[in-house]
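Peer 1: Supplied in structure tokens, the structure appears directly below.
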Amino acid sequence: PVVRARTPDRLPVVLSRAEVERLLAAVEAIKFRALFMTTYGAGLRISEACSLCIADIDSERNVIRVQDGKRRRDRYVMLSRRLLSMLREYWKRERPSGPWLFPARKPEQPIHPDQARIALKKAVAAAGLTKPVTPHILRHTFATHLLEAGTDIRVIQVLLGHASIRSTTRYTRVSGPHIAQTKSPLDTNVPVRRR
């Protein structure tokens, strides 16, 4: 029988809040800053963020509608006040025409995720970050920061659009404060007296 080597179960890289701010500040073009704020602020996959339509932003209900996510599932995610403010600033400056929130050069098409990856790579270099950062790392960071803030894991599951809670629980393994706040049994045991 053929024995297959086990694939290592690697933990995702996560940025600190300060690193996220440095990264966003280093993005020059307002379109890409708005795109990456949307990716991080709503926990979207880069393909989901790139294919958002203007009509998907519901400022009255403070939600973003994600259409045709993974496995063709629709879901709603939160629309933060700060993100809404950025999207309004972007809208005033760029005035995207057509249905796409982040159009390509040809406005009848959405921006391609590869363009976003190139822009992010430049911003990472400009911010002086040493961690490997991809658009998906922003999604991992979103989930970890929510967990650290005390958000219920099932809510995070829904926001990320995970079919299984097992996919979401991996973030409990990278949340520093959760790990640091867990008491070791050594601290709860009765000290042994020396004779």
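Residue numbering restarts at 1 in every chain; chains get A, B, ... in the order shown in the structure tokens, and ligands count up from 1 in that same order.
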Please provide as a list in words all residues within 12 Å of Thr169 of chain A, with the sequence filter that same-chain residues fewer than 4 positions apart are discarded (counting only C-alpha atoms).
Peer 2: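 Using only C-alpha atoms, the neighbours found are Leu11, His140, Ala143, Thr144, Leu147, Asp152, Ile153, Arg154, Val155, Ile156, Gln157, Leu160, His162, Ser164, Ile165, Arg173, Val174 and Ser175 of chain A.
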Peer 1: Select from segment 49-89 of chain A everything DSSP, run on the backbone, classes as helix (DSSP H, G or I), then give the selection as an NGL selection string.
Peer 2: :A and (49-50 or 54-56 or 70-72 or 81-89)
Peer 1: With all heavy atoms retained, write the just-selected residues as a CSV table (one decimal), in the first residue's frame.
Peer 2:
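Dumped everything to selection24.csv:
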```csv
chain,number,residue,atom,x,y,z
A,49,ALA,N,-14.8,40.4,-2.3
A,49,ALA,CA,-14.6,41.8,-2.2
A,49,ALA,C,-14.6,42.4,-3.6
A,49,ALA,O,-15.2,43.5,-3.8
A,49,ALA,CB,-13.4,42.2,-1.4
A,50,CYS,N,-13.8,41.8,-4.5
A,50,CYS,CA,-13.7,42.3,-5.8
A,50,CYS,C,-15.0,42.3,-6.6
A,50,CYS,O,-15.3,43.2,-7.5
A,50,CYS,CB,-12.7,41.6,-6.6
A,50,CYS,SG,-11.0,41.9,-6.1
A,54,ILE,N,-22.4,47.8,-6.1
A,54,ILE,CA,-22.8,49.0,-5.3
A,54,ILE,C,-24.1,48.7,-4.5
A,54,ILE,O,-24.2,49.1,-3.4
A,54,ILE,CB,-23.0,50.2,-6.3
A,54,ILE,CG1,-21.6,50.6,-6.9
A,54,ILE,CG2,-23.6,51.4,-5.6
A,54,ILE,CD1,-21.7,51.5,-8.1
A,55,ALA,N,-25.0,48.0,-5.1
A,55,ALA,CA,-26.3,47.7,-4.5
A,55,ALA,C,-26.1,46.8,-3.3
A,55,ALA,O,-27.0,46.6,-2.5
A,55,ALA,CB,-27.2,47.1,-5.5
A,56,ASP,N,-24.9,46.1,-3.2
A,56,ASP,CA,-24.7,45.2,-2.0
A,56,ASP,C,-24.4,46.0,-0.7
A,56,ASP,O,-24.5,45.4,0.4
A,56,ASP,CB,-23.5,44.3,-2.3
A,56,ASP,CG,-23.8,43.3,-3.5
A,56,ASP,OD1,-25.0,42.9,-3.6
A,56,ASP,OD2,-22.8,42.9,-4.2
A,70,LYS,N,-18.4,31.3,-1.5
A,70,LYS,CA,-17.9,29.9,-1.7
A,70,LYS,C,-19.1,29.0,-1.6
A,70,LYS,O,-20.0,29.2,-0.8
A,70,LYS,CB,-16.9,29.6,-0.6
A,70,LYS,CG,-16.0,28.4,-1.0
A,70,LYS,CD,-14.9,28.3,0.0
A,70,LYS,CE,-14.0,27.1,-0.3
A,70,LYS,NZ,-13.0,27.0,0.7
A,71,ARG,N,-19.1,28.0,-2.5
A,71,ARG,CA,-20.3,27.1,-2.6
A,71,ARG,C,-21.6,27.8,-3.0
A,71,ARG,O,-22.7,27.3,-2.6
A,71,ARG,CB,-20.4,26.2,-1.3
A,71,ARG,CG,-19.3,25.3,-1.0
A,71,ARG,CD,-19.5,24.5,0.2
A,71,ARG,NE,-18.4,23.8,0.6
A,71,ARG,CZ,-17.4,24.3,1.4
A,71,ARG,NH1,-17.5,25.5,1.8
A,71,ARG,NH2,-16.4,23.6,1.7
A,72,ARG,N,-21.4,28.9,-3.7
A,72,ARG,CA,-22.6,29.7,-4.2
A,72,ARG,C,-23.6,30.1,-3.1
A,72,ARG,O,-24.8,30.2,-3.3
A,72,ARG,CB,-23.3,28.9,-5.3
A,72,ARG,CG,-22.4,28.2,-6.3
A,72,ARG,CD,-22.3,28.7,-7.7
A,72,ARG,NE,-23.4,29.4,-8.2
A,72,ARG,CZ,-23.2,30.4,-9.0
A,72,ARG,NH1,-22.0,30.9,-9.3
A,72,ARG,NH2,-24.3,31.0,-9.6
A,81,ARG,N,-19.0,51.5,10.7
A,81,ARG,CA,-19.1,53.0,10.4
A,81,ARG,C,-17.9,53.5,9.7
A,81,ARG,O,-17.9,54.3,8.8
A,81,ARG,CB,-19.4,53.8,11.7
A,81,ARG,CG,-20.8,53.6,12.2
A,81,ARG,CD,-21.0,54.3,13.5
A,81,ARG,NE,-20.2,53.7,14.5
A,81,ARG,CZ,-20.2,54.1,15.8
A,81,ARG,NH1,-20.9,55.1,16.2
A,81,ARG,NH2,-19.4,53.5,16.7
A,82,ARG,N,-16.7,53.0,10.2
A,82,ARG,CA,-15.5,53.5,9.6
A,82,ARG,C,-15.4,53.1,8.1
A,82,ARG,O,-14.9,53.8,7.3
A,82,ARG,CB,-14.3,53.0,10.4
A,82,ARG,CG,-12.9,53.5,9.9
A,82,ARG,CD,-11.8,53.0,10.8
A,82,ARG,NE,-10.6,53.3,10.2
A,82,ARG,CZ,-9.4,52.7,10.5
A,82,ARG,NH1,-9.4,51.8,11.4
A,82,ARG,NH2,-8.3,53.0,9.9
A,83,LEU,N,-15.8,51.8,7.8
A,83,LEU,CA,-15.7,51.3,6.5
A,83,LEU,C,-16.7,52.1,5.6
A,83,LEU,O,-16.4,52.5,4.5
A,83,LEU,CB,-16.0,49.8,6.4
A,83,LEU,CG,-16.1,49.2,5.0
A,83,LEU,CD1,-14.8,49.5,4.2
A,83,LEU,CD2,-16.4,47.8,5.1
A,84,LEU,N,-17.9,52.4,6.1
A,84,LEU,CA,-18.9,53.1,5.4
A,84,LEU,C,-18.4,54.5,5.0
A,84,LEU,O,-18.5,55.0,3.9
A,84,LEU,CB,-20.2,53.2,6.2
A,84,LEU,CG,-21.4,54.0,5.5
A,84,LEU,CD1,-21.7,53.5,4.1
A,84,LEU,CD2,-22.6,54.1,6.4
A,85,SER,N,-17.7,55.2,6.0
A,85,SER,CA,-17.1,56.5,5.8
A,85,SER,C,-16.1,56.4,4.7
A,85,SER,O,-16.0,57.3,3.8
A,85,SER,CB,-16.5,57.0,7.1
A,85,SER,OG,-15.8,58.2,6.9
A,86,MET,N,-15.2,55.4,4.7
A,86,MET,CA,-14.2,55.2,3.6
A,86,MET,C,-14.9,55.0,2.3
A,86,MET,O,-14.4,55.6,1.3
A,86,MET,CB,-13.3,54.1,4.0
A,86,MET,CG,-12.4,53.6,2.8
A,86,MET,SD,-11.5,54.9,2.0
A,86,MET,CE,-10.1,55.1,3.0
A,87,LEU,N,-15.9,54.1,2.2
A,87,LEU,CA,-16.6,53.9,1.0
A,87,LEU,C,-17.2,55.1,0.4
A,87,LEU,O,-17.2,55.3,-0.8
A,87,LEU,CB,-17.6,52.7,1.1
A,87,LEU,CG,-17.0,51.3,1.4
A,87,LEU,CD1,-18.2,50.3,1.7
A,87,LEU,CD2,-16.2,50.9,0.2
A,88,ARG,N,-17.8,56.0,1.3
A,88,ARG,CA,-18.4,57.2,0.8
A,88,ARG,C,-17.3,58.2,0.3
A,88,ARG,O,-17.5,58.8,-0.8
A,88,ARG,CB,-19.1,57.9,2.0
A,88,ARG,CG,-20.5,57.2,2.2
A,88,ARG,CD,-21.2,57.8,3.3
A,88,ARG,NE,-22.6,57.3,3.4
A,88,ARG,CZ,-23.3,57.2,4.5
A,88,ARG,NH1,-22.9,57.7,5.6
A,88,ARG,NH2,-24.5,56.7,4.4
A,89,GLU,N,-16.2,58.2,0.9
A,89,GLU,CA,-15.0,59.0,0.4
A,89,GLU,C,-14.6,58.5,-0.9
A,89,GLU,O,-14.3,59.3,-1.9
A,89,GLU,CB,-13.9,59.0,1.4
A,89,GLU,CG,-12.8,60.0,1.1
A,89,GLU,CD,-11.6,59.8,2.1
A,89,GLU,OE1,-11.8,59.4,3.2
A,89,GLU,OE2,-10.5,60.2,1.6
```
Peer 1: Let me make sure I understand: among A:Arg17, A:Leu35, A:Ile30, A:Val63, which one has the smallest atom-to-atom distance to Arg93 of chain A if we use only C-alpha atoms?
Peer 2: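 Between A:Arg17, A:Leu35, A:Ile30, A:Val63, the residue approaching Arg93 of chain A most closely is A:Ile30.
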Peer 1: Quick one, how far is atom CA of Lys92 of chain A from atom CA of Ala26 of chain A?
Peer 2: 20.8 Å
Peer 1: Extract, using only C-alpha atoms, all DNA, RNA and protein residues at most 8 Å from Ala25 of chain A, discarding same-chain residues fewer than 4 positions from it, and format them as a list in words.
Peer 2: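 Returned residues: Glu21, Arg33 and Ala127 of chain A.
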Peer 1: Within 7 Å of segment 109-118 of chain A, counting only C-alpha atoms, which residues qualify if same-chain residues fewer than 2 places away don't, as number ranges by chain?
Peer 2: A: 32, 46-47, 50-51, 100, 102-104, 106-107, 120-122, 134-135
Peer 1: Suppose you want the space between atom CA of Ala163 of chain A and atom CA of Val14 of chain A; what is it in Å?
Peer 2: 22.1 Å
Peer 1: What gap, in Å, lies between atom CA of Ser167 of chain A and atom CA of Pro12 of chain A?
Peer 2: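 Separation of atom CA of Ser167 of chain A and atom CA of Pro12 of chain A: 12.0 Å.
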Peer 1: Find the residue from A:Ala119, A:Leu44, A:Ala34, A:Ala29 that sits nearest to Arg139 of chain A; use only C-alpha atoms when measuring.
Peer 2: A:Leu44
Peer 1: When distances are computed from only C-alpha atoms, which of A:Glu108, A:Leu24, A:Leu159, A:Thr141 shows the smallest separation from Met37 of chain A?
Peer 2: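 Of the candidates, the smallest distance to Met37 of chain A is held by A:Leu24.
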Peer 1: So which residues of segment 55-190 of chain A fall under strand (DSSP E or B) by DSSP, listed as a ChimeraX atom specification?
Peer 2: /A:57-58,63-66,75-78,100,103,110
Peer 1: Name the closest residue to Glu19 of chain A among the candidates A:Gly98, A:His136, A:Gly161, A:Lys131; distances are taken between atoms, counting only C-alpha atoms.
Peer 2: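 Under the stated criterion, the closest residue is A:Lys131.
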Peer 1: Which residue out of A:Val20, A:Ala126, A:Val13, A:Ala149 has the minimum interatomic distance to Thr39 of chain A when only C-alpha atoms are used?
Peer 2: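 Among the listed residues, A:Val20 lies closest to Thr39 of chain A.
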Peer 1: Kindly indicate which residue among A:Val27, A:Arg22, A:Leu15, A:Leu138 lies nearest to Ala123 of chain A, using only C-alpha atoms for the distances.
Peer 2: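 Counting only C-alpha atoms, the residue closest to Ala123 of chain A is A:Val27.
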